[in-house]
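Shown next: query.cif, containing mmCIF, C-alpha atoms (C1' of nucleotides).
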```
data_input
#
loop_
_atom_site.label_atom_id
_atom_site.label_comp_id
_atom_site.auth_asym_id
_atom_site.auth_seq_id
_atom_site.Cartn_x
_atom_site.Cartn_y
_atom_site.Cartn_z
CA MET D 221 37.55 -62.51 -169.16
CA ASN D 222 40.72 -61.04 -170.49
CA LEU D 223 43.81 -59.50 -169.04
CA SER D 224 45.16 -56.96 -171.52
CA LYS D 225 48.71 -57.13 -172.78
CA ARG D 226 49.32 -53.91 -170.94
CA GLY D 227 48.18 -55.48 -167.72
CA GLU D 228 50.10 -58.64 -168.38
CA TYR D 229 53.32 -56.76 -169.04
CA ALA D 230 52.86 -54.65 -165.95
CA LEU D 231 52.57 -57.72 -163.76
CA ARG D 232 55.48 -59.40 -165.45
CA ALA D 233 57.59 -56.35 -164.87
CA LEU D 234 56.67 -56.15 -161.21
CA ILE D 235 57.36 -59.81 -160.67
CA ASP D 236 60.68 -59.60 -162.45
CA ILE D 237 61.78 -56.58 -160.50
CA GLY D 238 60.65 -58.31 -157.37
CA ILE D 239 62.66 -61.43 -158.09
CA ALA D 240 65.74 -59.49 -159.09
CA SER D 241 65.37 -57.39 -156.02
CA GLU D 242 65.14 -60.44 -153.82
CA LEU D 243 68.31 -61.71 -155.43
CA GLY D 244 70.18 -58.56 -154.57
CA ARG D 245 69.61 -56.63 -157.73
CA PRO D 246 67.05 -54.03 -156.79
CA ARG D 247 67.07 -52.12 -160.05
CA LEU D 248 66.37 -53.28 -163.58
CA GLN D 249 66.40 -51.41 -166.84
CA VAL D 250 63.51 -51.35 -169.22
CA SER D 251 65.67 -52.92 -171.90
CA GLU D 252 66.56 -55.83 -169.64
CA LEU D 253 62.97 -56.40 -168.67
CA ALA D 254 61.90 -56.25 -172.28
CA ALA D 255 64.61 -58.62 -173.40
CA LYS D 256 63.79 -61.21 -170.75
CA GLU D 257 60.12 -61.36 -171.52
CA LYS D 258 60.46 -60.46 -175.18
CA LEU D 259 58.31 -57.40 -174.96
CA PRO D 260 58.42 -54.21 -177.01
CA VAL D 261 60.70 -51.80 -175.19
CA LYS D 262 58.84 -48.58 -175.78
CA PHE D 263 55.54 -50.08 -174.84
CA LEU D 264 56.96 -51.39 -171.61
CA GLU D 265 58.41 -47.98 -170.96
CA GLN D 266 54.95 -46.45 -171.03
CA ILE D 267 53.62 -49.05 -168.70
CA LEU D 268 56.39 -48.55 -166.20
CA THR D 269 55.75 -44.84 -166.28
CA GLN D 270 52.19 -45.60 -165.34
CA LEU D 271 53.27 -47.91 -162.55
CA LYS D 272 55.57 -45.20 -161.33
CA ALA D 273 52.86 -42.58 -161.32
CA ALA D 274 50.77 -44.93 -159.21
CA GLY D 275 53.59 -45.39 -156.73
CA TYR D 276 54.47 -49.00 -157.40
CA VAL D 277 57.95 -48.41 -158.75
CA LYS D 278 60.50 -45.66 -158.69
CA SER D 279 63.05 -44.88 -161.32
CA LYS D 280 66.52 -43.64 -161.74
CA ARG D 281 67.40 -41.81 -164.89
CA GLY D 282 70.53 -41.72 -166.95
CA LYS D 283 73.25 -44.25 -167.40
CA PHE D 284 72.86 -47.25 -165.11
CA GLY D 285 69.39 -46.08 -164.33
CA GLY D 286 66.35 -48.29 -164.21
CA TYR D 287 63.32 -49.18 -162.18
CA SER D 288 63.00 -50.53 -158.69
CA LEU D 289 60.09 -51.19 -156.39
CA ALA D 290 58.74 -48.22 -154.50
CA LYS D 291 56.82 -50.23 -151.93
CA ARG D 292 57.42 -53.28 -149.87
CA MET D 293 56.59 -56.36 -151.85
CA ASP D 294 54.17 -57.57 -149.24
CA ARG D 295 52.20 -54.40 -149.72
CA ILE D 296 51.73 -54.80 -153.44
CA ARG D 297 48.62 -56.73 -154.31
CA PHE D 298 47.74 -57.72 -157.82
CA GLY D 299 44.13 -56.64 -157.79
CA PRO D 300 44.83 -52.93 -157.48
CA VAL D 301 47.51 -53.09 -160.15
CA ILE D 302 45.15 -54.71 -162.60
CA ARG D 303 42.42 -52.27 -161.72
CA LEU D 304 44.82 -49.43 -162.36
CA ILE D 305 45.69 -50.66 -165.80
CA ASP D 306 42.73 -52.66 -167.02
CA GLY D 307 39.87 -51.35 -164.96
CA PRO D 308 37.53 -53.30 -162.70
CA LEU D 309 37.94 -56.99 -162.04
CA ALA D 310 34.23 -57.58 -162.30
CA PRO D 311 32.92 -59.20 -165.48
CA ILE D 312 30.06 -56.72 -165.61
CA PRO D 313 29.86 -53.26 -164.06
CA CYS D 314 26.84 -53.99 -161.87
CA VAL D 315 28.88 -56.37 -159.72
CA SER D 316 31.96 -54.21 -159.40
CA GLN D 317 32.85 -53.23 -155.85
CA THR D 318 35.24 -50.50 -156.82
CA SER D 319 33.31 -48.90 -159.67
CA TYR D 320 29.76 -50.05 -159.62
CA VAL D 321 27.46 -48.98 -162.40
CA ARG D 322 23.84 -49.92 -162.45
CA CYS D 323 22.85 -52.14 -165.31
CA THR D 324 19.82 -51.97 -167.54
CA CYS D 325 18.04 -54.94 -166.09
CA PRO D 326 14.79 -54.05 -164.37
CA ASP D 327 15.37 -55.77 -161.04
CA GLU D 328 18.95 -56.06 -159.90
CA VAL D 329 18.10 -57.80 -156.68
CA HIS D 330 16.50 -60.74 -158.40
CA CYS D 331 18.80 -60.87 -161.38
CA GLY D 332 20.19 -64.35 -161.88
CA LEU D 333 22.99 -63.19 -164.08
CA ARG D 334 24.05 -60.71 -161.49
CA MET D 335 24.23 -63.34 -158.77
CA LEU D 336 26.34 -65.52 -160.97
CA MET D 337 28.67 -62.76 -161.99
CA LEU D 338 28.99 -61.53 -158.45
CA ASP D 339 30.22 -64.97 -157.58
CA VAL D 340 32.74 -64.81 -160.37
CA ARG D 341 33.92 -61.36 -159.45
CA ASN D 342 34.37 -62.43 -155.82
CA ALA D 343 36.32 -65.47 -156.85
CA ILE D 344 38.62 -63.36 -158.96
CA ALA D 345 39.04 -60.70 -156.31
CA LYS D 346 39.66 -63.28 -153.63
CA ILE D 347 42.74 -64.34 -155.50
CA LEU D 348 44.01 -61.10 -156.92
CA ASP D 349 43.33 -58.95 -153.89
CA ARG D 350 44.83 -61.43 -151.46
CA TYR D 351 48.04 -62.46 -153.17
CA THR D 352 50.93 -60.10 -152.70
CA LEU D 353 53.94 -59.66 -154.90
CA ALA D 354 56.05 -60.99 -152.04
CA GLU D 355 54.19 -64.28 -152.10
CA ILE D 356 54.43 -64.77 -155.82
CA VAL D 357 58.10 -63.89 -155.82
CA GLU D 358 58.75 -66.28 -152.99
CA ILE D 359 56.92 -69.12 -154.60
CA THR D 360 58.66 -68.54 -157.89
CA LEU D 361 62.07 -68.50 -156.26
CA ARG D 362 61.30 -71.67 -154.36
CA LYS D 363 60.31 -73.39 -157.56
CA LEU D 364 63.38 -72.16 -159.36
CA ARG D 365 65.63 -73.44 -156.60
CA ARG D 366 63.89 -76.75 -156.36
CA ASP D 367 64.41 -77.30 -160.05
CA LYS D 368 67.91 -75.84 -159.94
CA VAL D 369 67.17 -73.26 -162.59
CA THR D 370 69.09 -70.02 -162.81
CA PRO D 371 66.79 -67.04 -163.20
CA LEU D 372 67.37 -65.19 -166.41
CA PHE D 373 68.35 -61.99 -164.68
CA LEU D 374 71.54 -63.64 -163.70
CA GLN D 375 72.58 -64.48 -167.21
CA PRO D 376 72.82 -61.11 -168.91
CA SER D 377 73.23 -61.41 -172.64
CA LYS D 378 75.77 -58.63 -172.63
CA PRO D 379 78.02 -59.34 -169.67
CA LEU D 380 77.39 -56.71 -167.05
CA VAL D 381 80.18 -54.60 -165.78
CA SER D 382 80.61 -53.44 -162.20
CA ILE D 383 80.02 -55.45 -159.11
CA LEU D 384 76.51 -56.58 -159.85
CA PRO D 385 77.12 -59.94 -161.49
CA SER D 386 79.48 -61.21 -158.89
CA GLN D 387 77.06 -60.37 -156.13
CA LEU D 388 74.50 -62.42 -157.87
CA THR D 389 76.62 -65.36 -158.88
CA GLY D 390 77.38 -65.88 -155.28
CA ARG D 391 73.73 -66.37 -154.62
CA VAL D 392 73.20 -68.44 -157.67
CA MET D 393 75.98 -70.80 -156.84
CA ALA D 394 74.61 -71.19 -153.39
CA SER D 395 71.31 -72.29 -154.78
CA ARG D 396 72.98 -74.61 -157.21
CA ASN D 397 74.96 -76.64 -154.76
CA MET O 127 38.15 -59.48 -166.98
CA ASN O 128 35.19 -58.57 -169.04
CA LEU O 129 32.07 -60.26 -170.22
CA SER O 130 31.05 -58.73 -173.52
CA LYS O 131 27.62 -57.29 -174.05
CA ARG O 132 27.02 -60.08 -176.49
CA GLY O 133 27.84 -62.62 -173.84
CA GLU O 134 25.80 -60.84 -171.25
CA TYR O 135 22.74 -60.67 -173.47
CA ALA O 136 23.08 -64.32 -174.38
CA LEU O 137 23.05 -65.34 -170.74
CA ARG O 138 20.19 -63.02 -169.93
CA ALA O 139 18.19 -64.49 -172.76
CA LEU O 140 18.84 -68.05 -171.65
CA ILE O 141 17.94 -67.26 -168.07
CA ASP O 142 14.78 -65.47 -169.10
CA ILE O 143 13.68 -68.26 -171.36
CA GLY O 144 14.48 -70.69 -168.58
CA ILE O 145 12.40 -68.83 -166.05
CA ALA O 146 9.50 -68.36 -168.41
CA SER O 147 9.70 -72.00 -169.34
CA GLU O 148 9.63 -73.02 -165.71
CA LEU O 149 6.53 -70.88 -165.29
CA GLY O 150 4.75 -72.68 -168.08
CA ARG O 151 5.63 -70.38 -170.92
CA PRO O 152 8.25 -72.30 -172.85
CA ARG O 153 8.58 -69.91 -175.74
CA LEU O 154 9.49 -66.23 -175.81
CA GLN O 155 9.80 -63.81 -178.67
CA VAL O 156 12.86 -61.75 -179.31
CA SER O 157 10.85 -58.57 -178.91
CA GLU O 158 9.65 -59.67 -175.48
CA LEU O 159 13.10 -60.58 -174.37
CA ALA O 160 14.46 -57.30 -175.65
CA ALA O 161 11.73 -55.29 -173.98
CA LYS O 162 12.24 -56.94 -170.60
CA GLU O 163 15.93 -56.38 -170.46
CA LYS O 164 15.92 -53.24 -172.58
CA LEU O 165 18.19 -54.63 -175.22
CA PRO O 166 18.38 -53.77 -178.93
CA VAL O 167 16.09 -56.16 -180.73
CA LYS O 168 18.16 -56.76 -183.82
CA PHE O 169 21.30 -57.37 -181.85
CA LEU O 170 19.56 -59.89 -179.65
CA GLU O 171 18.23 -61.56 -182.74
CA GLN O 172 21.76 -62.21 -183.93
CA ILE O 173 22.77 -63.59 -180.60
CA LEU O 174 19.85 -65.95 -180.45
CA THR O 175 20.68 -67.18 -183.91
CA GLN O 176 24.11 -67.99 -182.62
CA LEU O 177 22.71 -69.77 -179.60
CA LYS O 178 20.45 -71.69 -181.88
CA ALA O 179 23.28 -72.75 -184.15
CA ALA O 180 25.08 -74.06 -181.09
CA GLY O 181 22.07 -76.05 -180.03
CA TYR O 182 21.07 -74.16 -176.92
CA VAL O 183 17.74 -72.90 -178.18
CA LYS O 184 15.31 -73.73 -180.91
CA SER O 185 13.00 -71.39 -182.71
CA LYS O 186 9.61 -71.23 -184.23
CA ARG O 187 9.03 -68.83 -187.05
CA GLY O 188 6.06 -66.77 -188.04
CA LYS O 189 3.30 -65.34 -185.96
CA PHE O 190 3.41 -66.48 -182.36
CA GLY O 191 6.85 -67.81 -183.00
CA GLY O 192 9.81 -67.32 -180.71
CA TYR O 193 12.62 -69.11 -178.97
CA SER O 194 12.60 -71.96 -176.51
CA LEU O 195 15.30 -74.04 -174.93
CA ALA O 196 16.63 -76.90 -176.99
CA LYS O 197 18.26 -78.74 -174.10
CA ARG O 198 17.37 -79.62 -170.57
CA MET O 199 18.21 -76.73 -168.30
CA ASP O 200 20.36 -78.93 -166.10
CA ARG O 201 22.50 -79.67 -169.12
CA ILE O 202 23.25 -76.07 -169.95
CA ARG O 203 26.33 -74.76 -168.21
CA PHE O 204 27.43 -71.17 -168.41
CA GLY O 205 31.06 -71.76 -169.15
CA PRO O 206 30.52 -73.27 -172.57
CA VAL O 207 28.04 -70.58 -173.51
CA ILE O 208 30.51 -67.86 -172.64
CA ARG O 209 33.28 -69.66 -174.45
CA LEU O 210 31.07 -69.91 -177.50
CA ILE O 211 30.42 -66.21 -177.57
CA ASP O 212 33.36 -64.55 -175.89
CA GLY O 213 36.12 -67.08 -176.22
CA PRO O 214 38.20 -68.66 -173.46
CA LEU O 215 37.54 -67.98 -169.80
CA ALA O 216 41.24 -67.75 -169.04
CA PRO O 217 42.68 -64.26 -168.51
CA ILE O 218 45.68 -65.13 -170.66
CA PRO O 219 45.95 -67.78 -173.36
CA CYS O 220 48.75 -69.74 -171.73
CA VAL O 221 46.43 -70.85 -168.91
CA SER O 222 43.47 -71.73 -171.06
CA GLN O 223 42.36 -75.34 -170.85
CA THR O 224 40.19 -75.25 -173.92
CA SER O 225 42.41 -73.23 -176.23
CA TYR O 226 45.89 -73.07 -174.88
CA VAL O 227 48.44 -70.91 -176.64
CA ARG O 228 52.01 -70.75 -175.52
CA CYS O 229 53.08 -67.35 -174.30
CA THR O 230 56.26 -65.46 -174.98
CA CYS O 231 57.78 -65.89 -171.59
CA PRO O 232 60.95 -67.96 -171.59
CA ASP O 233 60.03 -70.47 -168.90
CA GLU O 234 56.38 -71.26 -168.49
CA VAL O 235 56.91 -73.75 -165.73
CA HIS O 236 58.47 -71.20 -163.42
CA CYS O 237 56.38 -68.24 -164.46
CA GLY O 238 54.84 -66.52 -161.49
CA LEU O 239 52.26 -64.70 -163.52
CA ARG O 240 51.16 -67.94 -165.05
CA MET O 241 50.64 -69.58 -161.68
CA LEU O 242 48.58 -66.67 -160.54
CA MET O 243 46.48 -66.54 -163.65
CA LEU O 244 45.98 -70.26 -163.64
CA ASP O 245 44.49 -69.85 -160.21
CA VAL O 246 42.20 -67.16 -161.50
CA ARG O 247 41.12 -69.14 -164.51
CA ASN O 248 40.37 -72.15 -162.33
CA ALA O 249 38.34 -70.06 -159.96
CA ILE O 250 36.31 -68.67 -162.83
CA ALA O 251 35.84 -72.04 -164.46
CA LYS O 252 34.89 -73.65 -161.18
CA ILE O 253 31.90 -71.37 -161.04
CA LEU O 254 30.90 -71.06 -164.65
CA ASP O 255 31.45 -74.68 -165.60
CA ARG O 256 29.65 -76.03 -162.57
CA TYR O 257 26.53 -73.90 -162.40
CA THR O 258 23.72 -74.99 -164.66
CA LEU O 259 20.93 -72.92 -166.01
CA ALA O 260 18.54 -75.03 -163.96
CA GLU O 261 20.23 -73.97 -160.76
CA ILE O 262 20.25 -70.29 -161.57
CA VAL O 263 16.64 -70.38 -162.66
CA GLU O 264 15.66 -72.20 -159.52
CA ILE O 265 17.47 -69.82 -157.25
CA THR O 266 16.02 -66.84 -159.03
CA LEU O 267 12.51 -68.18 -158.77
CA ARG O 268 12.98 -68.94 -155.11
CA LYS O 269 14.10 -65.40 -154.50
CA LEU O 270 11.25 -63.96 -156.47
CA ARG O 271 8.73 -66.01 -154.52
CA ARG O 272 10.29 -65.21 -151.21
CA ASP O 273 10.00 -61.50 -151.98
CA LYS O 274 6.59 -61.95 -153.56
CA VAL O 275 7.63 -60.38 -156.82
CA THR O 276 5.91 -61.15 -160.09
CA PRO O 277 8.38 -61.93 -162.86
CA LEU O 278 8.10 -59.53 -165.72
CA PHE O 279 7.17 -62.19 -168.20
CA LEU O 280 3.84 -62.39 -166.59
CA GLN O 281 3.02 -58.76 -167.10
CA PRO O 282 3.02 -58.35 -170.86
CA SER O 283 2.83 -54.72 -171.89
CA LYS O 284 0.46 -55.52 -174.70
CA PRO O 285 -2.09 -57.88 -173.22
CA LEU O 286 -1.61 -61.28 -174.75
CA VAL O 287 -4.44 -63.01 -176.47
CA SER O 288 -5.14 -66.72 -176.45
CA ILE O 289 -4.78 -69.02 -173.52
CA LEU O 290 -1.27 -68.11 -172.51
CA PRO O 291 -1.95 -65.41 -169.93
CA SER O 292 -4.49 -67.32 -167.99
CA GLN O 293 -2.21 -70.29 -167.72
CA LEU O 294 0.36 -68.04 -166.20
CA THR O 295 -1.81 -66.00 -163.93
CA GLY O 296 -2.86 -69.20 -162.30
CA ARG O 297 0.70 -69.83 -161.33
CA VAL O 298 1.35 -66.30 -160.35
CA MET O 299 -1.60 -66.14 -158.06
CA ALA O 300 -0.52 -69.36 -156.49
CA SER O 301 2.81 -67.89 -155.66
CA ARG O 302 1.21 -64.76 -154.37
CA ASN O 303 -1.08 -66.32 -151.84
"C1'" DC V 118 81.26 -33.79 -173.69
"C1'" DG V 119 79.04 -38.21 -175.13
"C1'" DA V 120 76.74 -42.34 -174.19
"C1'" DA V 121 73.01 -44.38 -171.90
"C1'" DT V 122 69.09 -44.14 -169.78
"C1'" DT V 123 64.25 -42.48 -168.40
"C1'" DC V 124 60.37 -39.04 -169.50
"C1'" DA V 125 56.72 -36.93 -172.24
"C1'" DT V 126 53.76 -36.75 -175.96
"C1'" DA V 127 51.91 -37.62 -180.18
"C1'" DC V 128 50.70 -40.62 -183.69
"C1'" DT V 129 49.29 -44.99 -186.14
"C1'" DT V 130 47.11 -49.05 -187.26
"C1'" DG V 131 44.10 -52.56 -187.11
"C1'" DC V 132 40.52 -55.01 -185.12
"C1'" DG V 133 36.61 -56.15 -182.62
"C1'" DC V 134 32.57 -54.72 -180.09
"C1'" DA V 135 28.07 -53.10 -180.41
"C1'" DG V 136 25.08 -52.31 -182.88
"C1'" DT V 137 21.97 -50.86 -187.74
"C1'" DA V 138 19.81 -51.78 -191.95
"C1'" DG V 139 17.17 -54.15 -195.24
"C1'" DG V 140 15.14 -57.60 -197.02
"C1'" DA V 141 14.01 -62.85 -197.44
"C1'" DT V 142 11.49 -66.61 -195.49
"C1'" DT V 143 8.11 -68.90 -192.71
"C1'" DT V 144 3.79 -69.19 -190.12
"C1'" DT V 145 -0.69 -67.72 -188.62
"C1'" DT V 146 -5.00 -65.33 -189.14
"C1'" DC V 147 -8.68 -63.50 -191.73
"C1'" DG N 32 -4.68 -65.84 -201.05
"C1'" DA N 33 -3.24 -61.75 -198.80
"C1'" DA N 34 -1.71 -59.41 -194.78
"C1'" DA N 35 0.55 -59.52 -190.52
"C1'" DA N 36 3.93 -61.16 -187.49
"C1'" DA N 37 7.54 -63.38 -186.46
"C1'" DT N 38 12.44 -65.44 -187.42
"C1'" DC N 39 16.48 -65.70 -190.72
"C1'" DC N 40 20.34 -63.93 -193.36
"C1'" DT N 41 23.88 -60.94 -194.62
"C1'" DA N 42 26.07 -56.89 -195.09
"C1'" DC N 43 27.62 -52.61 -193.26
"C1'" DT N 44 29.05 -49.03 -190.04
"C1'" DG N 45 31.04 -46.33 -186.52
"C1'" DC N 46 34.27 -45.84 -183.43
"C1'" DG N 47 36.76 -46.62 -179.54
"C1'" DC N 48 40.55 -48.86 -177.81
"C1'" DA N 49 44.43 -52.02 -177.52
"C1'" DA N 50 48.95 -52.41 -178.88
"C1'" DG N 51 52.18 -50.61 -180.31
"C1'" DT N 52 55.76 -46.68 -183.06
"C1'" DA N 53 58.12 -42.50 -183.30
"C1'" DT N 54 60.48 -38.48 -181.87
"C1'" DG N 55 62.73 -35.86 -179.08
"C1'" DA N 56 63.66 -33.80 -174.42
"C1'" DA N 57 65.65 -34.32 -169.83
"C1'" DT N 58 68.81 -36.56 -166.77
"C1'" DT N 59 72.87 -39.11 -165.16
"C1'" DC N 60 77.38 -41.19 -165.42
"C1'" DG N 61 82.11 -41.74 -166.88
#
```
Will you turn the file into structure tokens for me?
Amino acid sequence: MNLSKRGEYALRALIDIGIASELGRPRLQVSELAAKEKLPVKFLEQILTQLKAAGYVKSKRGKFGGYSLAKRMDRIRFGPVIRLIDGPLAPIPCVSQTSYVRCTCPDEVHCGLRMLMLDVRNAIAKILDRYTLAEIVEITLRKLRRDKVTPLFLQPSKPLVSILPSQLTGRVMASRN
Amino acid sequence: MNLSKRGEYALRALIDIGIASELGRPRLQVSELAAKEKLPVKFLEQILTQLKAAGYVKSKRGKFGGYSLAKRMDRIRFGPVIRLIDGPLAPIPCVSQTSYVRCTCPDEVHCGLRMLMLDVRNAIAKILDRYTLAEIVEITLRKLRRDKVTPLFLQPSKPLVSILPSQLTGRVMASRN
DNA sequence: CGAATTCATACTTGCGCAGTAGGATTTTTC
DNA sequence: GAAAAATCCTACTGCGCAAGTATGAATTCG
């Protein structure tokens, strides 16, 4: 019942970009993302490329480039992202809705295991296919504000140049007081 | 979000033994089990050994040997079996109840991914830790009877000697008429 | 131009899944 | 007691895939 590292990192990246975006910083660099979550940069790079190819993020190259969301956050659901990267949500192929494969058992209709696993797959899908990135981002932000925590994006290790930090500190201060 | 073949076969075996047991045939041989579900015999053998070591089944050696359940069916829950064979139910270690491992993210409490995955893990556990073998067997039998299907255990490919078949056919006929 | 970034592709490394293989041990039947 | 039929035990194998590394090309900005 595992989510791969690849899948995990993909979701983390999306959530982070979403939060940053909500805080007025719509674009993040791979190196920032990697630093925040302590992930291998090059690996993350690959994953973001994949997310880009699937239309979840868009990128800007060159200096001050980075990744931003390519869709509205309320249109990004976690199920499809995980399916993209890890394959079906279903524990066994014969209960997958999106990529069903018949199993070896002689009578699928009366298969107890299948019933059970169908239940599991539906429970998983009910969560992952219903939650949107917007909801998770919102909940996370609410929690952060409630506990008066400054999101890490707003504390760059190397102080950022340009107007970005000041934009953000305004927001951060607001949530602090 | 995968159940391994090993895990799948283990559950199939338990369910099959449970059904057979309920139908008055408390012991099944590995070769029978394997034939019914079309599984590799030697692989299944290993798995049953593991189930035995964990106290789910007991075995009888030699001619007319085989495996039977070592616990009451209403005491066998699927969650623990899967954990035994496949490890934690949780999609990521930092939401596992039975074998928690801290993740690399800087702030677990405010981690959106973690919230989401905790939800998923709870949904999975709610099903797998609540259902018992007894329930699945019962439901399966009810379905089989409703559709007037004879379980495969009762149609041995090589006709069985001794008293076993007649015991069973009695039951089968009863369910047929 | 030069620095900083993403993009593309290839490669590596290790591990775990899904079995196979072969024989030892136990039980039953003849 | 021997043969047959089952489980038990242990080792091994293949190989695919996850999780990265590595290298360099293309793009963008100052």
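By chain and then residue number, the residues within 10 Å of Lys278 of chain D are Arg247, Leu268, Thr269, Leu271, Lys272, Ala273, Ala274, Gly286, Tyr287, Ser288, Leu289, Ala290 and Lys291 of chain D, counting all atoms listed in the file and disregarding those fewer than 4 positions away in sequence.
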Next item on the list: Could you give me, as JSON, numbers by chain, the residues within 8 Å of Met293 of chain D, counting all atoms listed in the file and dropping anything in the same chain fewer than 5 positions from it?
Entry: {"D": [238, 352, 353, 354]}
Counting all atoms listed in the file, which residues from chain N have an atom at most 8 Å from any atom of chain O, and could you show them as a short mmCIF file (atom, residue, chain, number, x, y, z; two decimals) with C-alpha atoms (C1' of nucleotides), in the frame of the given file?
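New file result-v3.cif:
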```
data_model
loop_
_atom_site.label_atom_id
_atom_site.label_comp_id
_atom_site.auth_asym_id
_atom_site.auth_seq_id
_atom_site.Cartn_x
_atom_site.Cartn_y
_atom_site.Cartn_z
"C1'" DA N 35 0.55 -59.52 -190.52
"C1'" DA N 36 3.93 -61.16 -187.49
"C1'" DA N 37 7.54 -63.38 -186.46
"C1'" DT N 38 12.44 -65.44 -187.42
#
```
Once you count only C-alpha atoms (C1' of nucleotides), which residues of chain V turn out to be within 6 Å of chain O? Could you give them as an NGL selection string?
:V and (143-145)
query = Which polymer residues have any atom within 12 Å of an atom of DT126 of chain V, counting only C-alpha atoms (C1' of nucleotides), with same-chain residues fewer than 3 positions away left out, as an MDAnalysis selection string?
reply = (chainID D and resid 266) or (chainID N and resid 53:56)
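Applied to this file, the PyMOL selection byres ((chain D) within 6 of (chain O)) selects D:Met221, D:Asn222, D:Leu223, D:Glu257, D:Leu309, D:Pro311, D:Cys325, D:Gly332, D:Val340, D:Ala343, D:Ile344, D:Ile356, D:Thr360.
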Near DT41 of chain N, counting only C-alpha atoms (C1' of nucleotides), which residues have an atom at most 10 Å away, once you skip same-chain residues fewer than 2 positions from it, shown as JSON, numbers by chain? {"V": [139, 140], "N": [39, 43]}
Expand the PyMOL selection byres ((chain V and resi 118) around 12) into the individual residues it matches in the shown file, reporting them as a PDB file with C-alpha atoms (C1' of nucleotides), keeping the file's coordinate frame.
```
ATOM      1  C1'  DG V 119      79.040 -38.210-175.130  1.00  0.00           C
ATOM      2  C1'  DA V 120      76.740 -42.340-174.190  1.00  0.00           C
TER       3       DA V 120
ATOM      4  C1'  DC N  60      77.380 -41.190-165.420  1.00  0.00           C
ATOM      5  C1'  DG N  61      82.110 -41.740-166.880  1.00  0.00           C
TER       6       DG N  61
END
```
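What separates atom CA of Glu328 of chain D from atom CA of Val315 of chain D is a distance of 9.9 Å.
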Name every residue that the PyMOL selection byres ((chain N and resi 47) around 12) selects in this structure, writing the answer as a PDB file with C-alpha atoms (C1' of nucleotides), in the coordinates of the input with chains first and numbers rising.
```pdb
ATOM      1  C1'  DC V 132      40.520 -55.010-185.120  1.00  0.00           C
ATOM      2  C1'  DG V 133      36.610 -56.150-182.620  1.00  0.00           C
ATOM      3  C1'  DC V 134      32.570 -54.720-180.090  1.00  0.00           C
ATOM      4  C1'  DA V 135      28.070 -53.100-180.410  1.00  0.00           C
TER       5       DA V 135
ATOM      6  C1'  DG N  45      31.040 -46.330-186.520  1.00  0.00           C
ATOM      7  C1'  DC N  46      34.270 -45.840-183.430  1.00  0.00           C
ATOM      8  C1'  DC N  48      40.550 -48.860-177.810  1.00  0.00           C
ATOM      9  C1'  DA N  49      44.430 -52.020-177.520  1.00  0.00           C
TER      10       DA N  49
END
```
Pairwise distance, atom CA of Pro246 of chain D with atom CA of Lys368 of chain D, equals 22.1 Å
Taken to one decimal, the atom CA of Thr370 of chain D-atom CA of Ala255 of chain D distance is 16.2 Å
